[in-house]
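Listing of protein29.cif; format and content: mmCIF, C-alpha atoms.
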data_start
#
loop_
_atom_site.group_PDB
_atom_site.id
_atom_site.type_symbol
_atom_site.label_atom_id
_atom_site.label_comp_id
_atom_site.auth_asym_id
_atom_site.auth_seq_id
_atom_site.Cartn_x
_atom_site.Cartn_y
_atom_site.Cartn_z
ATOM 1 C CA MET A 1 260.276 143.106 139.768
ATOM 2 C CA ALA A 2 263.131 143.834 137.412
ATOM 3 C CA ALA A 3 263.579 141.407 134.556
ATOM 4 C CA GLU A 4 266.673 139.230 134.416
ATOM 5 C CA LEU A 5 269.145 141.053 132.208
ATOM 6 C CA PRO A 6 272.714 140.220 131.164
ATOM 7 C CA LEU A 7 275.301 141.499 133.615
ATOM 8 C CA LEU A 8 278.728 142.888 132.823
ATOM 9 C CA LEU A 9 281.134 140.373 134.343
ATOM 10 C CA PRO A 10 284.115 141.675 136.340
ATOM 11 C CA SER A 11 286.527 140.234 133.795
ATOM 12 C CA ASP A 12 284.740 142.222 131.096
ATOM 13 C CA ALA A 13 284.471 145.388 133.171
ATOM 14 C CA ALA A 14 288.229 145.846 133.103
ATOM 15 C CA ARG A 15 288.057 145.964 129.328
ATOM 16 C CA HIS A 16 285.449 148.759 129.312
ATOM 17 C CA ARG A 17 286.204 152.449 129.625
ATOM 18 C CA GLU A 18 283.889 155.414 129.201
ATOM 19 C CA GLY A 19 281.429 153.634 126.924
ATOM 20 C CA ALA A 20 284.071 151.760 124.942
ATOM 21 C CA ALA A 21 285.271 148.159 125.087
ATOM 22 C CA ARG A 22 288.382 146.453 123.726
ATOM 23 C CA VAL A 23 287.918 143.627 121.219
ATOM 24 C CA THR A 24 290.266 141.632 119.018
ATOM 25 C CA VAL A 25 290.029 142.336 115.296
ATOM 26 C CA ALA A 26 291.871 141.416 112.131
ATOM 27 C CA THR A 27 292.044 143.987 109.357
ATOM 28 C CA VAL A 28 291.920 142.961 105.676
ATOM 29 C CA ASP A 29 293.476 145.531 103.367
ATOM 30 C CA ARG A 30 293.525 144.891 99.608
ATOM 31 C CA GLY A 31 293.210 141.178 100.192
ATOM 32 C CA ALA A 32 295.977 140.935 102.794
ATOM 33 C CA THR A 33 295.094 140.165 106.406
ATOM 34 C CA ALA A 34 297.131 141.798 109.112
ATOM 35 C CA ASP A 35 297.889 140.163 112.452
ATOM 36 C CA PRO A 36 295.021 140.366 114.962
ATOM 37 C CA HIS A 37 295.109 143.413 117.207
ATOM 38 C CA GLU A 38 292.958 145.056 119.846
ATOM 39 C CA ASP A 39 290.595 147.887 118.981
ATOM 40 C CA TRP A 40 287.830 149.861 120.701
ATOM 41 C CA VAL A 41 284.113 149.407 119.975
ATOM 42 C CA ALA A 42 281.092 151.153 121.483
ATOM 43 C CA VAL A 43 279.477 149.346 124.420
ATOM 44 C CA GLU A 44 275.849 148.316 123.960
ATOM 45 C CA GLU A 45 273.908 146.837 126.894
ATOM 46 C CA PRO A 46 270.243 146.654 127.910
ATOM 47 C CA LEU A 47 268.681 149.055 130.388
ATOM 48 C CA GLU A 48 265.370 148.396 132.095
ATOM 49 C CA ILE A 49 263.547 151.507 133.301
ATOM 50 C CA VAL A 50 261.282 150.599 136.239
ATOM 51 C CA LEU A 51 258.660 153.130 137.303
ATOM 52 C CA GLU A 52 257.444 153.370 140.920
ATOM 53 C CA PHE A 53 254.348 155.494 141.519
ATOM 54 C CA GLY A 54 251.115 155.808 143.467
ATOM 55 C CA PRO A 55 250.110 156.715 147.037
ATOM 56 C CA ALA A 56 252.734 156.363 149.753
ATOM 57 C CA ASP A 57 250.901 153.395 151.296
ATOM 58 C CA ALA A 58 250.167 151.599 148.006
ATOM 59 C CA ARG A 59 253.103 151.983 145.667
ATOM 60 C CA THR A 60 253.136 150.278 142.248
ATOM 61 C CA ARG A 61 256.164 149.229 140.232
ATOM 62 C CA ARG A 62 256.039 148.634 136.495
ATOM 63 C CA THR A 63 258.517 148.310 133.688
ATOM 64 C CA ALA A 64 258.226 151.435 131.561
ATOM 65 C CA ALA A 65 260.877 150.565 128.960
ATOM 66 C CA LEU A 66 263.621 148.184 127.976
ATOM 67 C CA THR A 67 266.166 149.840 125.726
ATOM 68 C CA MET A 68 269.622 149.081 124.388
ATOM 69 C CA ARG A 69 272.056 151.816 125.343
ATOM 70 C CA THR A 70 275.656 152.719 126.096
ATOM 71 C CA PRO A 71 276.057 152.634 129.905
ATOM 72 C CA GLY A 72 276.446 156.009 131.564
ATOM 73 C CA ASN A 73 274.055 158.827 132.481
ATOM 74 C CA ASP A 74 271.330 156.212 132.980
ATOM 75 C CA ALA A 75 269.313 158.394 135.350
ATOM 76 C CA GLU A 76 269.263 161.166 132.748
ATOM 77 C CA LEU A 77 268.215 158.695 130.063
ATOM 78 C CA ALA A 78 265.311 157.449 132.192
ATOM 79 C CA ALA A 79 264.153 160.977 133.034
ATOM 80 C CA GLY A 80 264.356 162.117 129.420
ATOM 81 C CA PHE A 81 262.454 159.077 128.210
ATOM 82 C CA LEU A 82 259.643 159.619 130.725
ATOM 83 C CA LEU A 83 259.404 163.292 129.799
ATOM 84 C CA ALA A 84 259.043 162.444 126.107
ATOM 85 C CA GLU A 85 256.306 159.951 126.952
ATOM 86 C CA GLY A 86 254.392 162.477 129.055
ATOM 87 C CA VAL A 87 254.816 160.537 132.302
ATOM 88 C CA VAL A 88 256.666 163.416 133.993
ATOM 89 C CA GLY A 89 256.599 167.107 133.201
ATOM 90 C CA ALA A 90 258.827 168.758 135.797
ATOM 91 C CA PRO A 91 261.841 167.851 137.960
ATOM 92 C CA GLU A 92 259.708 167.919 141.111
ATOM 93 C CA ASP A 93 257.656 164.999 139.732
ATOM 94 C CA VAL A 94 260.665 162.721 140.305
ATOM 95 C CA HIS A 95 261.532 161.857 143.906
ATOM 96 C CA ARG A 96 264.709 160.019 142.981
ATOM 97 C CA VAL A 97 266.310 157.658 140.461
ATOM 98 C CA THR A 98 268.127 154.705 141.988
ATOM 99 C CA PRO A 99 269.858 151.485 140.870
ATOM 100 C CA CYS A 100 267.477 148.576 140.680
ATOM 101 C CA GLY A 101 269.493 145.559 141.744
ATOM 102 C CA HIS A 102 272.080 145.398 138.971
ATOM 103 C CA PRO A 103 273.907 147.729 136.581
ATOM 104 C CA ASN A 104 271.359 147.295 133.790
ATOM 105 C CA ALA A 105 268.255 148.584 135.572
ATOM 106 C CA VAL A 106 267.185 151.841 137.213
ATOM 107 C CA ARG A 107 264.098 152.669 139.229
ATOM 108 C CA VAL A 108 262.421 156.048 138.830
ATOM 109 C CA GLU A 109 260.419 156.870 141.943
ATOM 110 C CA LEU A 110 257.688 159.446 141.351
ATOM 111 C CA ARG A 111 256.247 161.537 144.141
ATOM 112 C CA PRO A 112 252.922 160.206 145.506
ATOM 113 C CA ALA A 113 250.912 163.142 144.166
ATOM 114 C CA VAL A 114 252.019 162.609 140.549
ATOM 115 C CA PRO A 115 249.165 161.025 138.555
ATOM 116 C CA VAL A 116 250.119 158.228 136.172
ATOM 117 C CA ALA A 117 247.771 157.026 133.446
ATOM 118 C CA LEU A 118 248.158 153.259 133.417
ATOM 119 C CA ALA A 119 246.780 153.041 129.885
ATOM 120 C CA GLY A 120 249.790 154.964 128.684
ATOM 121 C CA LEU A 121 252.128 152.356 130.131
ATOM 122 C CA GLU A 122 250.436 149.319 128.610
ATOM 123 C CA ARG A 123 252.810 149.358 125.643
ATOM 124 C CA HIS A 124 255.797 148.465 127.868
ATOM 125 C CA PHE A 125 258.247 149.636 125.259
ATOM 126 C CA THR A 126 260.953 147.306 124.060
ATOM 127 C CA THR A 127 263.239 149.493 122.008
ATOM 128 C CA SER A 128 266.517 148.854 120.256
ATOM 129 C CA SER A 129 269.453 151.214 120.013
ATOM 130 C CA SER A 130 268.363 152.187 116.528
ATOM 131 C CA CYS A 131 264.575 152.343 116.532
ATOM 132 C CA GLY A 132 263.753 154.828 119.293
ATOM 133 C CA VAL A 133 260.149 154.972 120.422
ATOM 134 C CA CYS A 134 258.752 152.393 118.033
ATOM 135 C CA GLY A 135 255.098 152.162 117.118
ATOM 136 C CA LYS A 136 254.182 155.869 117.289
ATOM 137 C CA THR A 137 252.704 156.461 113.873
ATOM 138 C CA SER A 138 250.339 159.277 114.805
ATOM 139 C CA LEU A 139 250.886 162.843 115.957
ATOM 140 C CA ASP A 140 247.653 162.890 117.934
ATOM 141 C CA ALA A 141 249.160 161.408 121.107
ATOM 142 C CA LEU A 142 251.762 164.168 121.192
ATOM 143 C CA ALA A 143 249.178 166.851 120.415
ATOM 144 C CA ALA A 144 247.205 165.792 123.501
ATOM 145 C CA ARG A 145 249.997 166.921 125.825
ATOM 146 C CA ALA A 146 252.171 169.398 123.868
ATOM 147 C CA SER A 147 251.478 172.902 122.611
ATOM 148 C CA PRO A 148 252.936 174.581 119.524
ATOM 149 C CA LEU A 149 256.322 176.128 120.204
ATOM 150 C CA PRO A 150 256.345 179.951 120.512
ATOM 151 C CA ASP A 151 258.181 182.531 118.408
ATOM 152 C CA ALA A 152 258.326 180.450 115.240
ATOM 153 C CA ASP A 153 258.668 183.588 113.107
ATOM 154 C CA ARG A 154 261.020 185.607 115.315
ATOM 155 C CA PRO A 155 264.578 185.577 113.871
ATOM 156 C CA TRP A 156 267.329 184.899 116.407
ATOM 157 C CA LEU A 157 269.600 182.230 114.902
ATOM 158 C CA ALA A 158 272.167 183.185 112.262
ATOM 159 C CA ALA A 159 272.956 180.779 109.442
ATOM 160 C CA GLU A 160 276.664 181.335 110.120
ATOM 161 C CA VAL A 161 276.166 179.928 113.619
ATOM 162 C CA VAL A 162 274.440 176.829 112.243
ATOM 163 C CA HIS A 163 277.377 176.189 109.926
ATOM 164 C CA ARG A 164 279.757 176.050 112.900
ATOM 165 C CA LEU A 165 277.776 173.602 115.026
ATOM 166 C CA PRO A 166 278.860 170.256 113.472
ATOM 167 C CA GLY A 167 282.526 171.090 113.956
ATOM 168 C CA ILE A 168 281.976 172.006 117.597
ATOM 169 C CA LEU A 169 280.055 168.789 118.173
ATOM 170 C CA ARG A 170 282.688 166.669 116.479
ATOM 171 C CA GLU A 171 285.378 168.088 118.744
ATOM 172 C CA SER A 172 283.269 167.155 121.778
ATOM 173 C CA GLN A 173 282.884 163.403 121.120
ATOM 174 C CA PRO A 174 285.684 161.663 123.027
ATOM 175 C CA THR A 175 284.187 158.175 122.887
ATOM 176 C CA PHE A 176 283.391 158.471 119.183
ATOM 177 C CA ASP A 177 287.058 159.272 118.598
ATOM 178 C CA ARG A 178 287.937 155.955 120.216
ATOM 179 C CA THR A 179 285.211 153.758 118.702
ATOM 180 C CA GLY A 180 283.644 155.463 115.679
ATOM 181 C CA GLY A 181 280.360 153.872 116.778
ATOM 182 C CA LEU A 182 278.377 156.364 118.847
ATOM 183 C CA HIS A 183 275.717 158.949 118.105
ATOM 184 C CA ALA A 184 275.784 162.326 119.805
ATOM 185 C CA ALA A 185 273.290 164.991 120.788
ATOM 186 C CA ALA A 186 274.387 168.505 121.689
ATOM 187 C CA LEU A 187 272.593 171.561 123.012
ATOM 188 C CA PHE A 188 273.642 175.057 121.911
ATOM 189 C CA ASP A 189 272.453 178.577 122.589
ATOM 190 C CA GLY A 190 271.763 181.102 119.841
ATOM 191 C CA THR A 191 275.395 182.214 119.686
ATOM 192 C CA GLY A 192 276.683 178.693 119.038
ATOM 193 C CA ARG A 193 277.965 178.161 122.575
ATOM 194 C CA LEU A 194 277.980 174.464 123.480
ATOM 195 C CA LEU A 195 275.915 173.882 126.619
ATOM 196 C CA LEU A 196 275.815 170.094 126.905
ATOM 197 C CA VAL A 197 276.661 166.986 124.892
ATOM 198 C CA ARG A 198 275.805 163.315 125.392
ATOM 199 C CA GLU A 199 276.880 160.219 123.444
ATOM 200 C CA ASP A 200 275.189 156.834 123.083
ATOM 201 C CA VAL A 201 274.988 153.905 120.699
ATOM 202 C CA GLY A 202 271.349 154.933 120.120
ATOM 203 C CA ARG A 203 270.531 158.376 118.773
ATOM 204 C CA HIS A 204 267.295 158.537 120.774
ATOM 205 C CA ASN A 205 269.155 157.574 123.946
ATOM 206 C CA ALA A 206 271.670 160.391 123.440
ATOM 207 C CA VAL A 207 268.773 162.857 123.205
ATOM 208 C CA ASP A 208 267.044 161.345 126.250
ATOM 209 C CA LYS A 209 270.249 161.685 128.289
ATOM 210 C CA LEU A 210 270.656 165.314 127.276
ATOM 211 C CA VAL A 211 267.002 166.254 127.863
ATOM 212 C CA GLY A 212 266.940 164.293 131.117
ATOM 213 C CA ALA A 213 269.936 166.242 132.407
ATOM 214 C CA GLU A 214 268.213 169.526 131.608
ATOM 215 C CA LEU A 215 264.953 168.318 133.165
ATOM 216 C CA MET A 216 266.624 167.342 136.438
ATOM 217 C CA ALA A 217 268.472 170.675 136.481
ATOM 218 C CA GLY A 218 265.164 172.537 136.157
ATOM 219 C CA ARG A 219 266.041 174.154 132.835
ATOM 220 C CA LEU A 220 262.991 173.178 130.765
ATOM 221 C CA PRO A 221 261.543 174.321 128.438
ATOM 222 C CA LEU A 222 264.582 174.611 126.170
ATOM 223 C CA ASP A 223 263.333 177.583 124.171
ATOM 224 C CA ARG A 224 265.889 179.509 122.140
ATOM 225 C CA ARG A 225 268.043 176.408 122.133
ATOM 226 C CA VAL A 226 269.387 174.380 119.218
ATOM 227 C CA LEU A 227 269.485 170.585 119.492
ATOM 228 C CA LEU A 228 271.999 169.079 117.075
ATOM 229 C CA VAL A 229 272.023 165.330 116.434
ATOM 230 C CA SER A 230 274.817 163.498 114.672
ATOM 231 C CA GLY A 231 272.590 161.279 112.529
ATOM 232 C CA ARG A 232 269.235 161.613 110.847
ATOM 233 C CA ALA A 233 266.201 163.429 112.260
ATOM 234 C CA SER A 234 263.486 160.833 112.749
ATOM 235 C CA PHE A 235 260.025 161.209 114.248
ATOM 236 C CA GLU A 236 261.059 160.134 117.739
ATOM 237 C CA LEU A 237 263.810 162.768 117.878
ATOM 238 C CA ALA A 238 261.460 165.519 116.731
ATOM 239 C CA GLN A 239 258.942 164.298 119.325
ATOM 240 C CA LYS A 240 261.518 164.518 122.094
ATOM 241 C CA ALA A 241 262.563 167.995 120.943
ATOM 242 C CA VAL A 242 258.961 169.255 121.045
ATOM 243 C CA ALA A 243 258.346 167.664 124.456
ATOM 244 C CA ALA A 244 261.399 169.479 125.830
ATOM 245 C CA GLY A 245 260.413 172.807 124.259
ATOM 246 C CA VAL A 246 263.427 172.930 121.937
ATOM 247 C CA SER A 247 263.084 175.645 119.279
ATOM 248 C CA VAL A 248 265.450 174.271 116.621
ATOM 249 C CA LEU A 249 266.289 170.666 115.776
ATOM 250 C CA ALA A 250 269.275 170.335 113.463
ATOM 251 C CA ALA A 251 270.594 167.072 112.056
ATOM 252 C CA VAL A 252 273.757 166.158 110.213
ATOM 253 C CA GLY A 253 271.649 163.676 108.221
ATOM 254 C CA ALA A 254 268.234 163.681 106.599
ATOM 255 C CA PRO A 255 264.830 164.067 108.253
ATOM 256 C CA SER A 256 261.979 161.621 107.797
ATOM 257 C CA SER A 257 258.622 162.621 106.354
ATOM 258 C CA LEU A 258 256.911 162.177 109.720
ATOM 259 C CA ALA A 259 259.521 164.367 111.402
ATOM 260 C CA VAL A 260 258.772 167.102 108.868
ATOM 261 C CA ASP A 261 255.028 166.720 109.508
ATOM 262 C CA LEU A 262 255.553 166.937 113.264
ATOM 263 C CA ALA A 263 257.850 169.978 112.997
ATOM 264 C CA THR A 264 255.405 171.763 110.727
ATOM 265 C CA ARG A 265 252.490 171.092 113.057
ATOM 266 C CA PHE A 266 254.204 172.077 116.300
ATOM 267 C CA GLY A 267 256.280 175.065 115.210
ATOM 268 C CA LEU A 268 259.664 173.314 115.403
ATOM 269 C CA THR A 269 262.403 174.666 113.152
ATOM 270 C CA LEU A 270 263.806 171.579 111.434
ATOM 271 C CA LEU A 271 267.172 171.636 109.659
ATOM 272 C CA GLY A 272 268.741 168.713 107.822
ATOM 273 C CA PHE A 273 272.046 167.891 106.116
ATOM 274 C CA VAL A 274 273.834 170.402 108.348
ATOM 275 C CA ARG A 275 277.360 169.858 107.089
ATOM 276 C CA ASP A 276 279.937 171.221 104.637
ATOM 277 C CA HIS A 277 278.737 174.798 105.253
ATOM 278 C CA ARG A 278 275.223 174.157 103.968
ATOM 279 C CA PHE A 279 271.890 172.910 105.289
ATOM 280 C CA ASN A 280 268.269 172.427 104.250
ATOM 281 C CA VAL A 281 265.325 174.081 106.014
ATOM 282 C CA TYR A 282 262.315 171.740 106.238
ATOM 283 C CA ALA A 283 260.029 173.637 108.607
ATOM 284 C CA HIS A 284 259.649 177.048 110.235
ATOM 285 C CA GLY A 285 262.670 178.874 108.900
ATOM 286 C CA GLY A 286 261.398 182.122 110.427
ATOM 287 C CA ARG A 287 263.771 181.726 113.371
ATOM 288 C CA LEU A 288 266.758 182.022 111.036
ATOM 289 C CA VAL A 289 268.381 185.391 110.506
#

Would you write out, as structure tokens, the structure that this file holds?
Amino acid sequence: MAAELPLLLPSDAARHREGAARVTVATVDRGATADPHEDWVAVEEPLEIVLEFGPADARTRRTAALTMRTPGNDAELAAGFLLAEGVVGAPEDVHRVTPCGHPNAVRVELRPAVPVALAGLERHFTTSSSCGVCGKTSLDALAARASPLPDADRPWLAAEVVHRLPGILRESQPTFDRTGGLHAAALFDGTGRLLLVREDVGRHNAVDKLVGAELMAGRLPLDRRVLLVSGRASFELAQKAVAAGVSVLAAVGAPSSLAVDLATRFGLTLLGFVRDHRFNVYAHGGRLV
């Protein structure tokens, strides 16, 4: 049964628009306080992901995750999360994703033939909008279900293309323009053509939404694709990239040491500090022309 989560009241709903909410603020500039005025901030609300699985005559429901996210594309977020955790591996594994009683819960119904390892669900993730998949300190769990990415030494991505990606992403963030408080994840092909972008208050949620959309569209693995994230490249983002078969993970910010270790081990090209017409290569630069 879904946990009791805060609901968005009707009076509040009118103040929300496309992931943004109006609040009253007072600006202090050089010691002087201006009159209060309304401004936009990014919406952050909980989402419970409930998993339904098992034989048709003996279905089981369990909470797979509780995460803080920006509402919108919740079905994609749930699908992307379950892919990264190895619960699903193909769009046909998912029968449907439906609301689960209120706006802050979704139920992912797996097909009866899909096996689910209960031991893998014992952690019942409680994640925040900043931490991602907390508690994964080892690469072994990922190695058990993911293979090294192919073509790590085959050049196909020009440095000039990489330089252009942050500007394209920035022009494709409508809610960030309003709030200044959302992360973004974008998918590009090797020519720098923008294929998909998702925004969320949590960087890992933005990636889950993007990967979930591609999963449900039957477009995995995402080989010869570049995943650009607006913040840093942490372990959980590199993990999600590998699970989706992404060839290149690029970040506007810095990578973590564990992200570098993961990229090195699994053949992921990892780029950091992609901004101001420069970037650092941390792993598998052989894909760069």

When you draw a straight line from atom CA of Gly202 of chain A to atom CA of His183 of chain A, how long is it in Å?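 Between atom CA of Gly202 of chain A and atom CA of His183 of chain A the gap is 6.3 Å.
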
Exercise: Pro71 of chain A partners within 8 Å, only C-alpha atoms, chain neighbours under 5 positions left out, as a PyMOL selection string: chain A and resi 19+43-45

Residues as selected, C-alpha atoms, written as a compact mmCIF listing (two decimals), in the frame of the given file, can you do that?
# COMPACT_ATOMS: atom_id res chain seq x y z
CA GLY A 19 281.43 153.63 126.92
CA VAL A 43 279.48 149.35 124.42
CA GLU A 44 275.85 148.32 123.96
CA GLU A 45 273.91 146.84 126.89

Taking (258.0, 179.6, 118.8) as a centre in this file's frame and 6 Å as the limit, can you find every polymer residue with an atom that close, using all atoms listed in the file, and give them as a PDB file with C-alpha atoms, keeping the file's coordinate frame?
ATOM      1  CA  LEU A 149     256.322 176.128 120.204  1.00  0.00           C
ATOM      2  CA  PRO A 150     256.345 179.951 120.512  1.00  0.00           C
ATOM      3  CA  ASP A 151     258.181 182.531 118.408  1.00  0.00           C
ATOM      4  CA  ALA A 152     258.326 180.450 115.240  1.00  0.00           C
TER       5      ALA A 152
END

Please evaluate the PyMOL selection byres ((chain A and resi 60) around 12) against the displayed coordinates and give the resulting residues as a ChimeraX atom specification. /A:1,50-59,61-64,107-112,116,118

Please expand the PyMOL selection byres ((chain A and resi 233) around 8) into the concrete residues it hits in this file, giving the result as a list in words.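 That selection, the PyMOL selection byres ((chain A and resi 233) around 8), comes back as Val229, Gly231, Arg232, Ser234, Phe235, Leu237, Ala238, Ala250, Ala251, Gly253, Ala254, Pro255, Ser256, Ala259 and Gly272 of chain A.
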
Residues from the last selection, C-alpha atoms, saved as a compact mmCIF listing (two decimals), keeping the file's coordinate frame:
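To be explicit, this is the file written out as result.txt:
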# COMPACT_ATOMS: atom_id res chain seq x y z
CA VAL A 229 272.02 165.33 116.43
CA GLY A 231 272.59 161.28 112.53
CA ARG A 232 269.24 161.61 110.85
CA SER A 234 263.49 160.83 112.75
CA PHE A 235 260.02 161.21 114.25
CA LEU A 237 263.81 162.77 117.88
CA ALA A 238 261.46 165.52 116.73
CA ALA A 250 269.27 170.34 113.46
CA ALA A 251 270.59 167.07 112.06
CA GLY A 253 271.65 163.68 108.22
CA ALA A 254 268.23 163.68 106.60
CA PRO A 255 264.83 164.07 108.25
CA SER A 256 261.98 161.62 107.80
CA ALA A 259 259.52 164.37 111.40
CA GLY A 272 268.74 168.71 107.82
